[in-house]
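All remarks here apply to the structure that follows.
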Amino acid sequence: MSFPEKFRHLIELSEDRVAVPDFLWLAYAVCAVEGESCGWQGWILESVEKGDLNADGEQVSADTEQRCPVCNRPLYRTGVERQFVLNSKAGPKLAYSYDAVPTRFETGEPKREKD
């Protein structure tokens, strides 16, 4: 798969070019607001912040839209919430158990794979 050249600057990001949060809040949510809701349940991002834990932090760009990932209906946040603090010494995620294909870019529109 190749990606549009115009998005290379977004895809090839390094950590020093993004706002890395210092802490975040997760909320346990359920998809049970409407009659057509699907019943999904799981953790969502409530707040992602940079700064001092004891003061109002600076909001960091994150997907905090409270919509169901399955049916896109509104979610209900239960009272179950947890705060997580960044471990700056943790480093990158554990090694992947698969080989990654090199990222390729092309000018113009990317070719669509046939169904």
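Chain labels A, B, ... are given in the sequence in which chains occur in the structure tokens; within each chain residues are numbered consecutively from 1, and ligands are likewise numbered from 1 in the order shown.
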Where does region 7-41 of chain A meet region 95-104 of chain A within 10 Å, residue by residue, with the nearest atom pair and distance in Å to one decimal for each, counting only C-alpha atoms, listed by chain and rising number, as a Markdown table?
```
| residue | atom | partner | partner_atom | distance |
| --- | --- | --- | --- | --- |
| A:Arg8 | CA | A:Arg104 | CA | 9.3 |
| A:Ile11 | CA | A:Thr103 | CA | 9.0 |
| A:Glu12 | CA | A:Thr103 | CA | 9.2 |
```
Residue selection dump (all heavy atoms) as a PDB file, in the first residue's frame:
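Final output, saved to result-v3.pdb:
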```pdb
ATOM      1  N   ARG A   8       3.099  12.864   3.715  1.00  0.00           N
ATOM      2  CA  ARG A   8       4.360  12.340   4.256  1.00  0.00           C
ATOM      3  C   ARG A   8       4.718  13.022   5.580  1.00  0.00           C
ATOM      4  O   ARG A   8       5.120  12.374   6.535  1.00  0.00           O
ATOM      5  CB  ARG A   8       5.495  12.526   3.255  1.00  0.00           C
ATOM      6  CG  ARG A   8       6.830  11.992   3.777  1.00  0.00           C
ATOM      7  CD  ARG A   8       7.980  12.290   2.833  1.00  0.00           C
ATOM      8  NE  ARG A   8       7.882  11.586   1.589  1.00  0.00           N
ATOM      9  CZ  ARG A   8       8.478  10.416   1.326  1.00  0.00           C
ATOM     10  NH1 ARG A   8       9.224   9.839   2.240  1.00  0.00           N
ATOM     11  NH2 ARG A   8       8.333   9.848   0.153  1.00  0.00           N
ATOM     12  N   ILE A  11       2.688  11.370   8.340  1.00  0.00           N
ATOM     13  CA  ILE A  11       2.963   9.953   8.588  1.00  0.00           C
ATOM     14  C   ILE A  11       4.346   9.738   9.190  1.00  0.00           C
ATOM     15  O   ILE A  11       4.528   8.891  10.061  1.00  0.00           O
ATOM     16  CB  ILE A  11       2.774   9.146   7.284  1.00  0.00           C
ATOM     17  CG1 ILE A  11       1.290   9.174   6.900  1.00  0.00           C
ATOM     18  CG2 ILE A  11       3.285   7.722   7.430  1.00  0.00           C
ATOM     19  CD1 ILE A  11       0.980   8.594   5.540  1.00  0.00           C
ATOM     20  N   GLU A  12       5.317  10.508   8.762  1.00  0.00           N
ATOM     21  CA  GLU A  12       6.686  10.338   9.239  1.00  0.00           C
ATOM     22  C   GLU A  12       7.006  11.286  10.402  1.00  0.00           C
ATOM     23  O   GLU A  12       7.999  11.983  10.397  1.00  0.00           O
ATOM     24  CB  GLU A  12       7.674  10.539   8.090  1.00  0.00           C
ATOM     25  CG  GLU A  12       7.549   9.472   7.030  1.00  0.00           C
ATOM     26  CD  GLU A  12       8.551   9.621   5.905  1.00  0.00           C
ATOM     27  OE1 GLU A  12       9.120  10.722   5.731  1.00  0.00           O
ATOM     28  OE2 GLU A  12       8.764   8.633   5.187  1.00  0.00           O
TER      29      GLU A  12
END
```
Q: Determine which residues of chain A receive a DSSP assignment of strand (DSSP E), computed from the backbone, and state them as a PyMOL selection string.
A: chain A and resi 2-4+23-30+41-50+58-59+76-85+104-106
Written file, previous selection with N, CA, C and O atoms, as a short mmCIF file (atom, residue, chain, number, x, y, z; two decimals), in the first residue's frame:
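Final output, result.cif:
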```cif
data_model
loop_
_atom_site.label_atom_id
_atom_site.label_comp_id
_atom_site.auth_asym_id
_atom_site.auth_seq_id
_atom_site.Cartn_x
_atom_site.Cartn_y
_atom_site.Cartn_z
N SER A 2 0.49 2.20 -0.77
CA SER A 2 1.23 3.46 -0.77
C SER A 2 0.32 4.58 -0.27
O SER A 2 -0.89 4.49 -0.35
N PHE A 3 0.95 5.62 0.23
CA PHE A 3 0.24 6.76 0.79
C PHE A 3 0.48 7.98 -0.07
O PHE A 3 1.53 8.10 -0.71
N PRO A 4 -0.46 8.94 -0.06
CA PRO A 4 -0.25 10.17 -0.82
C PRO A 4 0.97 10.94 -0.31
O PRO A 4 1.14 11.11 0.91
N PHE A 23 -0.51 13.18 31.40
CA PHE A 23 -1.48 12.31 32.05
C PHE A 23 -2.78 12.28 31.25
O PHE A 23 -3.01 13.14 30.40
N LEU A 24 -3.57 11.26 31.51
CA LEU A 24 -4.87 11.17 30.84
C LEU A 24 -5.88 10.50 31.74
O LEU A 24 -5.53 9.80 32.69
N TRP A 25 -7.12 10.80 31.45
CA TRP A 25 -8.24 10.18 32.15
C TRP A 25 -8.95 9.26 31.18
O TRP A 25 -9.21 9.63 30.04
N LEU A 26 -9.25 8.05 31.64
CA LEU A 26 -10.08 7.12 30.88
C LEU A 26 -11.41 7.01 31.59
O LEU A 26 -11.49 7.08 32.81
N ALA A 27 -12.48 6.83 30.82
CA ALA A 27 -13.80 6.60 31.38
C ALA A 27 -14.35 5.31 30.77
O ALA A 27 -14.13 5.04 29.59
N TYR A 28 -15.04 4.53 31.58
CA TYR A 28 -15.69 3.33 31.06
C TYR A 28 -17.06 3.74 30.55
O TYR A 28 -17.85 4.35 31.28
N ALA A 29 -17.32 3.47 29.30
CA ALA A 29 -18.55 3.92 28.67
C ALA A 29 -19.33 2.75 28.09
O ALA A 29 -18.76 1.69 27.79
N VAL A 30 -20.62 2.96 27.93
CA VAL A 30 -21.49 1.94 27.34
C VAL A 30 -22.35 2.57 26.25
O VAL A 30 -22.73 3.74 26.34
N GLN A 41 -19.36 -1.84 25.12
CA GLN A 41 -18.83 -1.27 26.35
C GLN A 41 -17.31 -1.33 26.34
O GLN A 41 -16.74 -2.26 25.78
N GLY A 42 -16.69 -0.29 26.90
CA GLY A 42 -15.23 -0.27 26.93
C GLY A 42 -14.71 1.09 27.38
O GLY A 42 -15.47 2.00 27.70
N TRP A 43 -13.39 1.22 27.37
CA TRP A 43 -12.73 2.44 27.83
C TRP A 43 -12.64 3.47 26.72
O TRP A 43 -12.36 3.12 25.58
N ILE A 44 -12.88 4.73 27.08
CA ILE A 44 -12.72 5.84 26.14
C ILE A 44 -11.84 6.91 26.78
O ILE A 44 -11.69 6.95 28.01
N LEU A 45 -11.26 7.76 25.95
CA LEU A 45 -10.48 8.89 26.47
C LEU A 45 -11.44 9.96 26.96
O LEU A 45 -12.31 10.42 26.22
N GLU A 46 -11.29 10.34 28.19
CA GLU A 46 -12.10 11.43 28.75
C GLU A 46 -11.35 12.74 28.61
O GLU A 46 -11.92 13.75 28.24
N SER A 47 -10.05 12.72 28.93
CA SER A 47 -9.24 13.92 28.88
C SER A 47 -7.79 13.54 28.72
O SER A 47 -7.32 12.58 29.34
N VAL A 48 -7.07 14.28 27.88
CA VAL A 48 -5.64 14.06 27.65
C VAL A 48 -4.96 15.40 27.86
O VAL A 48 -5.27 16.36 27.17
N GLU A 49 -4.03 15.46 28.83
CA GLU A 49 -3.48 16.75 29.23
C GLU A 49 -1.97 16.73 29.39
O GLU A 49 -1.37 15.70 29.66
N LYS A 50 -1.42 17.92 29.25
CA LYS A 50 0.01 18.15 29.45
C LYS A 50 0.13 19.19 30.54
O LYS A 50 -0.60 20.16 30.57
N GLU A 58 -2.97 21.67 30.17
CA GLU A 58 -3.26 22.09 28.80
C GLU A 58 -3.80 20.89 28.04
O GLU A 58 -3.19 19.81 28.05
N GLN A 59 -4.96 21.04 27.42
CA GLN A 59 -5.55 19.94 26.66
C GLN A 59 -4.67 19.61 25.46
O GLN A 59 -4.20 20.50 24.76
N TYR A 76 -22.72 6.52 26.88
CA TYR A 76 -22.97 6.96 28.25
C TYR A 76 -21.73 6.64 29.07
O TYR A 76 -21.29 5.49 29.10
N ARG A 77 -21.15 7.67 29.70
CA ARG A 77 -19.99 7.46 30.55
C ARG A 77 -20.47 7.01 31.92
O ARG A 77 -21.22 7.73 32.58
N THR A 78 -20.04 5.84 32.33
CA THR A 78 -20.39 5.36 33.66
C THR A 78 -19.54 6.12 34.69
O THR A 78 -18.71 6.94 34.32
N GLY A 79 -19.72 5.84 35.94
CA GLY A 79 -18.93 6.50 36.98
C GLY A 79 -17.54 5.90 37.16
O GLY A 79 -16.80 6.32 38.04
N VAL A 80 -17.17 4.92 36.34
CA VAL A 80 -15.86 4.28 36.45
C VAL A 80 -14.85 5.07 35.63
O VAL A 80 -14.95 5.14 34.41
N GLU A 81 -13.92 5.72 36.32
CA GLU A 81 -12.88 6.52 35.65
C GLU A 81 -11.54 6.23 36.30
O GLU A 81 -11.47 5.93 37.49
N ARG A 82 -10.48 6.32 35.52
CA ARG A 82 -9.14 6.14 36.03
C ARG A 82 -8.20 7.15 35.40
O ARG A 82 -8.31 7.46 34.22
N GLN A 83 -7.26 7.64 36.20
CA GLN A 83 -6.25 8.55 35.69
C GLN A 83 -4.95 7.78 35.51
O GLN A 83 -4.58 6.97 36.36
N PHE A 84 -4.25 8.05 34.42
CA PHE A 84 -2.96 7.43 34.15
C PHE A 84 -1.92 8.52 33.96
O PHE A 84 -2.19 9.53 33.31
N VAL A 85 -0.74 8.30 34.52
CA VAL A 85 0.36 9.25 34.43
C VAL A 85 1.44 8.64 33.54
O VAL A 85 1.78 7.47 33.68
N ARG A 104 5.54 3.48 1.71
CA ARG A 104 5.83 4.04 0.38
C ARG A 104 4.88 5.20 0.13
O ARG A 104 3.75 5.20 0.60
N PHE A 105 5.36 6.16 -0.64
CA PHE A 105 4.56 7.32 -0.99
C PHE A 105 4.55 7.47 -2.51
O PHE A 105 5.50 7.09 -3.18
N GLU A 106 3.46 8.01 -3.02
CA GLU A 106 3.38 8.28 -4.45
C GLU A 106 2.65 9.60 -4.68
O GLU A 106 1.82 10.00 -3.87
#
```
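Distance-wise, CA of Gly91 (chain A) and CA of Lys6 (chain A) end up 29.2 Å apart.
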Q: Tell me, in Å to one decimal, how far CA of Thr107 (chain A) is from CA of Asp16 (chain A).
A: 26.7 Å
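Using only C-alpha atoms, the protein and nucleic acid residues lying no more than 8 Å from Ser37 (chain A), apart from those fewer than 5 places from it along its own chain, are A:Cys31, A:Ala32, A:Cys71, A:Arg73.
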For those residues, write all heavy atoms to a file as a compact mmCIF listing (two decimals), in the first residue's frame.
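Output (part.txt):
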```txt
# COMPACT_ATOMS: atom_id res chain seq x y z
N CYS A 31 -22.65 1.80 25.24
CA CYS A 31 -23.53 2.26 24.16
C CYS A 31 -24.94 1.78 24.51
O CYS A 31 -25.34 0.67 24.17
CB CYS A 31 -23.07 1.67 22.82
SG CYS A 31 -24.02 2.28 21.42
N ALA A 32 -25.65 2.65 25.24
CA ALA A 32 -26.97 2.27 25.74
C ALA A 32 -27.87 3.50 25.88
O ALA A 32 -28.76 3.53 26.73
CB ALA A 32 -26.82 1.56 27.09
N CYS A 71 -21.33 1.43 16.31
CA CYS A 71 -22.53 1.94 15.62
C CYS A 71 -22.57 3.47 15.52
O CYS A 71 -23.51 4.01 14.96
CB CYS A 71 -23.79 1.42 16.31
SG CYS A 71 -24.09 2.11 17.96
N ARG A 73 -23.28 5.71 17.66
CA ARG A 73 -24.29 6.39 18.47
C ARG A 73 -23.63 6.96 19.73
O ARG A 73 -22.52 6.59 20.09
CB ARG A 73 -25.41 5.42 18.81
CG ARG A 73 -26.26 5.11 17.59
CD ARG A 73 -27.51 4.33 17.98
NE ARG A 73 -28.46 4.31 16.88
CZ ARG A 73 -28.33 3.57 15.79
NH1 ARG A 73 -27.29 2.79 15.62
NH2 ARG A 73 -29.25 3.59 14.84
```
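Residues within 12 Å of Pro92 (chain A), counting only C-alpha atoms and excluding same-chain residues fewer than 4 positions away, are A:Ser14, A:Glu15, A:Asn87, A:Ser88, A:Tyr96.
In this structure, CA of Val33 (chain A) sits 10.4 Å away from CA of Cys68 (chain A).
Nearest to Glu5 (chain A) of all the residues A:Asp63, A:Asn72, A:Gly108, A:Val20 is A:Gly108, based on only C-alpha atoms.
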Q: Would you list, as an MDAnalysis selection string, the residues of chain A that end up in helix (DSSP H, G or I) under DSSP run on this structure's backbone?
A: chainID A and resid 5:11 15:17
Output N, CA and C atoms for every residue in that selection, as a CSV table (one decimal), in the first residue's frame.
```
chain,number,residue,atom,x,y,z
A,5,GLU,N,1.8,11.4,-1.2
A,5,GLU,CA,3.0,12.2,-0.9
A,5,GLU,C,2.7,13.4,0.0
A,6,LYS,N,1.5,14.0,-0.3
A,6,LYS,CA,1.2,15.2,0.5
A,6,LYS,C,1.0,15.0,2.0
A,7,PHE,N,0.9,13.7,2.4
A,7,PHE,CA,0.7,13.4,3.8
A,7,PHE,C,2.0,12.9,4.5
A,8,ARG,N,3.1,12.9,3.7
A,8,ARG,CA,4.4,12.3,4.3
A,8,ARG,C,4.7,13.0,5.6
A,9,HIS,N,4.5,14.3,5.6
A,9,HIS,CA,4.9,15.1,6.9
A,9,HIS,C,4.1,14.6,8.1
A,10,LEU,N,2.9,14.1,7.8
A,10,LEU,CA,2.0,13.6,8.9
A,10,LEU,C,2.4,12.2,9.3
A,11,ILE,N,2.7,11.4,8.3
A,11,ILE,CA,3.0,10.0,8.6
A,11,ILE,C,4.3,9.7,9.2
A,15,GLU,N,8.7,11.9,17.7
A,15,GLU,CA,8.1,12.3,19.0
A,15,GLU,C,8.3,13.8,19.4
A,16,ASP,N,9.4,14.4,18.9
A,16,ASP,CA,9.7,15.8,19.2
A,16,ASP,C,8.8,16.7,18.5
A,17,ARG,N,8.0,16.2,17.5
A,17,ARG,CA,7.1,17.1,16.8
A,17,ARG,C,5.6,16.9,17.2
```
